[in-house]
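Structure file my_file18.txt (compact mmCIF, N, CA and C atoms) follows.
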# COMPACT_ATOMS: atom_id res chain seq x y z
N MET P 15 -41.72 13.87 13.23
CA MET P 15 -41.52 12.43 13.33
C MET P 15 -41.15 11.85 11.98
N ALA P 16 -41.88 12.23 10.95
CA ALA P 16 -41.61 11.70 9.62
C ALA P 16 -40.25 12.18 9.11
N ARG P 17 -39.90 13.40 9.52
CA ARG P 17 -38.60 13.95 9.08
C ARG P 17 -37.45 13.15 9.70
N ALA P 18 -37.57 12.76 10.95
CA ALA P 18 -36.54 11.97 11.62
C ALA P 18 -36.40 10.61 10.95
N ASN P 19 -37.51 10.01 10.56
CA ASN P 19 -37.47 8.72 9.87
C ASN P 19 -36.79 8.85 8.51
N LEU P 20 -37.07 9.96 7.84
CA LEU P 20 -36.47 10.19 6.53
C LEU P 20 -34.96 10.37 6.65
N VAL P 21 -34.54 11.13 7.65
CA VAL P 21 -33.10 11.33 7.88
C VAL P 21 -32.44 10.00 8.21
N GLY P 22 -33.08 9.20 9.03
CA GLY P 22 -32.54 7.88 9.38
C GLY P 22 -32.44 6.97 8.17
N LEU P 23 -33.44 7.02 7.31
CA LEU P 23 -33.45 6.20 6.10
C LEU P 23 -32.34 6.63 5.14
N ILE P 24 -32.15 7.93 4.98
CA ILE P 24 -31.09 8.43 4.10
C ILE P 24 -29.72 8.06 4.66
N THR P 25 -29.55 8.19 5.98
CA THR P 25 -28.29 7.82 6.61
C THR P 25 -27.99 6.35 6.41
N ALA P 26 -28.98 5.50 6.58
CA ALA P 26 -28.78 4.06 6.38
C ALA P 26 -28.41 3.75 4.93
N PHE P 27 -29.04 4.44 4.00
CA PHE P 27 -28.73 4.23 2.59
C PHE P 27 -27.30 4.62 2.27
N VAL P 28 -26.85 5.75 2.80
CA VAL P 28 -25.47 6.21 2.57
C VAL P 28 -24.47 5.22 3.16
N VAL P 29 -24.75 4.73 4.35
CA VAL P 29 -23.85 3.77 4.99
C VAL P 29 -23.79 2.47 4.19
N LEU P 30 -24.92 1.99 3.72
CA LEU P 30 -24.93 0.76 2.93
C LEU P 30 -24.20 0.94 1.61
N CYS P 31 -24.33 2.07 0.98
CA CYS P 31 -23.62 2.32 -0.28
C CYS P 31 -22.12 2.39 -0.06
N ALA P 32 -21.72 2.97 1.06
CA ALA P 32 -20.29 3.10 1.35
C ALA P 32 -19.67 1.74 1.67
N CYS P 33 -20.47 0.84 2.22
CA CYS P 33 -19.95 -0.47 2.61
C CYS P 33 -19.80 -1.42 1.42
N ASN P 34 -20.38 -1.10 0.30
CA ASN P 34 -20.34 -1.99 -0.85
C ASN P 34 -19.05 -1.89 -1.66
N THR P 35 -18.14 -1.00 -1.31
CA THR P 35 -16.88 -0.93 -2.03
C THR P 35 -16.06 -2.16 -1.67
N GLN P 36 -15.42 -2.73 -2.65
CA GLN P 36 -14.66 -3.95 -2.42
C GLN P 36 -13.17 -3.66 -2.42
N ALA P 37 -12.48 -4.19 -1.43
CA ALA P 37 -11.03 -4.08 -1.37
C ALA P 37 -10.47 -5.46 -1.72
N HIS P 38 -9.49 -5.49 -2.56
CA HIS P 38 -8.90 -6.75 -2.96
C HIS P 38 -7.71 -7.06 -2.05
N ALA P 39 -7.76 -8.21 -1.43
CA ALA P 39 -6.68 -8.62 -0.55
C ALA P 39 -5.58 -9.27 -1.37
N ILE P 40 -4.35 -9.05 -0.95
CA ILE P 40 -3.23 -9.68 -1.64
C ILE P 40 -2.87 -10.95 -0.89
N SER P 41 -2.24 -11.87 -1.59
CA SER P 41 -1.88 -13.13 -0.95
C SER P 41 -0.62 -12.95 -0.10
N VAL P 42 -0.43 -13.87 0.81
CA VAL P 42 0.73 -13.82 1.69
C VAL P 42 2.01 -13.97 0.89
N GLU P 43 2.00 -14.83 -0.12
CA GLU P 43 3.19 -15.06 -0.92
C GLU P 43 3.61 -13.79 -1.67
N VAL P 44 2.64 -13.09 -2.24
CA VAL P 44 2.94 -11.85 -2.98
C VAL P 44 3.47 -10.80 -2.01
N ALA P 45 2.84 -10.67 -0.85
CA ALA P 45 3.29 -9.68 0.13
C ALA P 45 4.70 -9.96 0.60
N ARG P 46 5.02 -11.22 0.85
CA ARG P 46 6.37 -11.57 1.31
C ARG P 46 7.40 -11.34 0.21
N ALA P 47 7.06 -11.71 -1.02
CA ALA P 47 7.98 -11.50 -2.14
C ALA P 47 8.25 -10.02 -2.34
N CYS P 48 7.21 -9.21 -2.29
CA CYS P 48 7.37 -7.77 -2.49
C CYS P 48 8.12 -7.13 -1.33
N ASP P 49 7.89 -7.61 -0.12
CA ASP P 49 8.61 -7.08 1.04
C ASP P 49 10.10 -7.39 0.91
N ALA P 50 10.43 -8.59 0.45
CA ALA P 50 11.83 -8.95 0.26
C ALA P 50 12.47 -8.10 -0.84
N LEU P 51 11.74 -7.84 -1.91
CA LEU P 51 12.26 -7.00 -2.99
C LEU P 51 12.47 -5.56 -2.53
N VAL P 52 11.56 -5.06 -1.69
CA VAL P 52 11.73 -3.71 -1.15
C VAL P 52 12.98 -3.64 -0.28
N ALA P 53 13.18 -4.66 0.56
CA ALA P 53 14.35 -4.68 1.44
C ALA P 53 15.65 -4.77 0.63
N LYS P 54 15.61 -5.49 -0.49
CA LYS P 54 16.79 -5.62 -1.33
C LYS P 54 17.06 -4.34 -2.12
N THR P 55 16.00 -3.70 -2.61
CA THR P 55 16.14 -2.51 -3.42
C THR P 55 16.47 -1.28 -2.58
N PHE P 56 15.92 -1.22 -1.38
CA PHE P 56 16.14 -0.07 -0.50
C PHE P 56 16.80 -0.55 0.79
N PRO P 57 18.10 -0.81 0.77
CA PRO P 57 18.78 -1.33 1.97
C PRO P 57 18.79 -0.29 3.09
N PRO P 58 18.80 -0.74 4.34
CA PRO P 58 18.81 0.20 5.46
C PRO P 58 20.18 0.86 5.63
N ARG P 59 20.17 2.07 6.19
CA ARG P 59 21.45 2.74 6.47
C ARG P 59 22.24 1.98 7.52
N GLN P 60 21.53 1.51 8.52
CA GLN P 60 22.16 0.78 9.62
C GLN P 60 21.36 -0.50 9.83
N ILE P 61 22.01 -1.63 9.66
CA ILE P 61 21.32 -2.91 9.76
C ILE P 61 20.79 -3.11 11.17
N GLY P 62 19.53 -3.52 11.26
CA GLY P 62 18.90 -3.77 12.54
C GLY P 62 18.28 -2.54 13.18
N ASN P 63 18.38 -1.38 12.52
CA ASN P 63 17.81 -0.15 13.07
C ASN P 63 16.89 0.47 12.04
N PRO P 64 15.60 0.13 12.06
CA PRO P 64 14.69 0.66 11.06
C PRO P 64 14.51 2.18 11.16
N ALA P 65 14.80 2.75 12.32
CA ALA P 65 14.66 4.20 12.49
C ALA P 65 15.76 4.97 11.76
N ALA P 66 16.83 4.29 11.35
CA ALA P 66 17.94 4.96 10.66
C ALA P 66 17.58 5.33 9.24
N GLY P 67 16.52 4.75 8.70
CA GLY P 67 16.10 5.08 7.34
C GLY P 67 16.78 4.21 6.31
N SER P 68 16.52 4.55 5.05
CA SER P 68 17.03 3.77 3.93
C SER P 68 18.23 4.48 3.31
N ALA P 69 19.18 3.69 2.80
CA ALA P 69 20.33 4.26 2.13
C ALA P 69 19.96 4.79 0.76
N LYS P 70 18.87 4.31 0.19
CA LYS P 70 18.41 4.74 -1.13
C LYS P 70 16.93 5.09 -1.06
N GLY P 71 16.57 6.20 -1.64
CA GLY P 71 15.16 6.56 -1.75
C GLY P 71 14.53 6.99 -0.43
N THR P 72 13.25 7.27 -0.52
CA THR P 72 12.47 7.72 0.64
C THR P 72 11.38 6.70 0.95
N GLY P 73 10.64 6.96 2.00
CA GLY P 73 9.52 6.09 2.35
C GLY P 73 8.47 6.06 1.26
N LYS P 74 8.27 7.22 0.62
CA LYS P 74 7.30 7.27 -0.49
C LYS P 74 7.76 6.39 -1.64
N ASP P 75 9.07 6.41 -1.94
CA ASP P 75 9.61 5.55 -3.01
C ASP P 75 9.40 4.07 -2.67
N GLN P 76 9.59 3.73 -1.41
CA GLN P 76 9.41 2.34 -0.99
C GLN P 76 7.95 1.90 -1.13
N ARG P 77 7.02 2.77 -0.71
CA ARG P 77 5.59 2.44 -0.84
C ARG P 77 5.19 2.29 -2.30
N GLU P 78 5.68 3.19 -3.16
CA GLU P 78 5.35 3.10 -4.59
C GLU P 78 5.92 1.82 -5.19
N PHE P 79 7.14 1.46 -4.83
CA PHE P 79 7.76 0.23 -5.32
C PHE P 79 6.95 -0.99 -4.87
N PHE P 80 6.55 -1.00 -3.58
CA PHE P 80 5.77 -2.11 -3.05
C PHE P 80 4.44 -2.24 -3.77
N ASN P 81 3.74 -1.11 -3.96
CA ASN P 81 2.44 -1.14 -4.64
C ASN P 81 2.59 -1.59 -6.09
N LYS P 82 3.65 -1.17 -6.76
CA LYS P 82 3.90 -1.61 -8.13
C LYS P 82 4.19 -3.11 -8.17
N CYS P 83 4.93 -3.59 -7.18
CA CYS P 83 5.25 -5.01 -7.09
C CYS P 83 3.97 -5.83 -6.88
N VAL P 84 3.11 -5.36 -5.99
CA VAL P 84 1.84 -6.06 -5.74
C VAL P 84 0.99 -6.08 -7.01
N ALA P 85 0.97 -4.95 -7.72
CA ALA P 85 0.20 -4.89 -8.96
C ALA P 85 0.73 -5.87 -10.00
N ASN P 86 2.03 -6.16 -9.96
CA ASN P 86 2.64 -7.11 -10.89
C ASN P 86 2.64 -8.53 -10.35
N GLY P 87 1.98 -8.76 -9.25
CA GLY P 87 1.89 -10.11 -8.69
C GLY P 87 3.17 -10.59 -8.04
N GLY P 88 4.03 -9.67 -7.62
CA GLY P 88 5.28 -10.05 -6.95
C GLY P 88 6.39 -10.42 -7.89
N LYS P 89 6.17 -10.26 -9.19
CA LYS P 89 7.19 -10.62 -10.17
C LYS P 89 7.69 -9.35 -10.86
N MET P 90 8.81 -8.86 -10.39
CA MET P 90 9.43 -7.71 -11.03
C MET P 90 10.91 -7.70 -10.71
N ASP P 91 11.65 -7.03 -11.54
CA ASP P 91 13.08 -6.94 -11.32
C ASP P 91 13.36 -5.97 -10.20
N ALA P 92 14.29 -6.33 -9.33
CA ALA P 92 14.69 -5.43 -8.25
C ALA P 92 15.63 -4.39 -8.84
N GLU P 93 15.07 -3.25 -9.18
CA GLU P 93 15.85 -2.20 -9.79
C GLU P 93 16.06 -1.08 -8.77
N PRO P 94 17.15 -0.36 -8.87
CA PRO P 94 17.37 0.73 -7.92
C PRO P 94 16.33 1.84 -8.09
N ALA P 95 16.13 2.59 -7.05
CA ALA P 95 15.17 3.67 -7.09
C ALA P 95 15.62 4.76 -8.06
N LYS P 96 14.65 5.44 -8.67
CA LYS P 96 14.97 6.50 -9.63
C LYS P 96 15.65 7.67 -8.95
N ASP P 97 15.13 8.05 -7.79
CA ASP P 97 15.66 9.22 -7.09
C ASP P 97 16.52 8.79 -5.90
N ALA P 98 17.49 7.93 -6.16
CA ALA P 98 18.34 7.43 -5.08
C ALA P 98 19.17 8.58 -4.52
N LYS P 99 19.18 8.63 -3.19
CA LYS P 99 19.93 9.71 -2.53
C LYS P 99 21.09 9.14 -1.77
Starting from the file, lay out its structure as structure tokens.
Amino acid sequence: MARANLVGLITAFVVLCACNTQAHAISVEVARACDALVAKTFPPRQIGNPAAGSAKGTGKDQREFFNKCVANGGKMDAEPAKDAK
């Protein structure tokens, strides 16, 4: 009985510790600005068909560019991708 209580207590402690991590939300303005910069920097192969992919770079390049843009607060130059294909 005491062992079950101890396991429950340890489980609750682990869950509470895991829940204390904080995620920082980005503002709508920054997200929209960065999304527009990604669309400008990585134009689609076929307009209106997102499944066609990008004319420049890969999905990983787009995610890295977006994350860098968010880190800069949405203010960065729209530069072409390094590994443009």
Distance criterion (all atoms listed in the file): nearest to P:Leu51 out of P:Gly73, P:His38, P:Ala66, P:Met90:
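That would be P:Met90, the residue with the smallest distance to P:Leu51.
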Expressed in Å to a single decimal, how great is the separation between atom N of P:Val44 and atom CA of P:Asp75?
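Computed distance, atom N of P:Val44 to atom CA of P:Asp75, equals 19.9 Å.
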Between atom C of P:Thr72 and atom N of P:Ala53, measure the distance and give it in Å to one decimal.
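Separation between atom C of P:Thr72 and atom N of P:Ala53: 11.5 Å.
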For a test of reading the model, state the distance in Å between atom CA of P:Gly87 and atom N of P:Gly67, rounded to one decimal.
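About the pair atom CA of P:Gly87 and atom N of P:Gly67: they are 27.2 Å apart.
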Which residues are near P:Asp49? Cut-off 8 Å, only N, CA and C atoms, ignore same chain within fewer than 4 positions. Put them as a PyMOL selection string.
chain P and resi 43-45+53-55+80+83-84+88
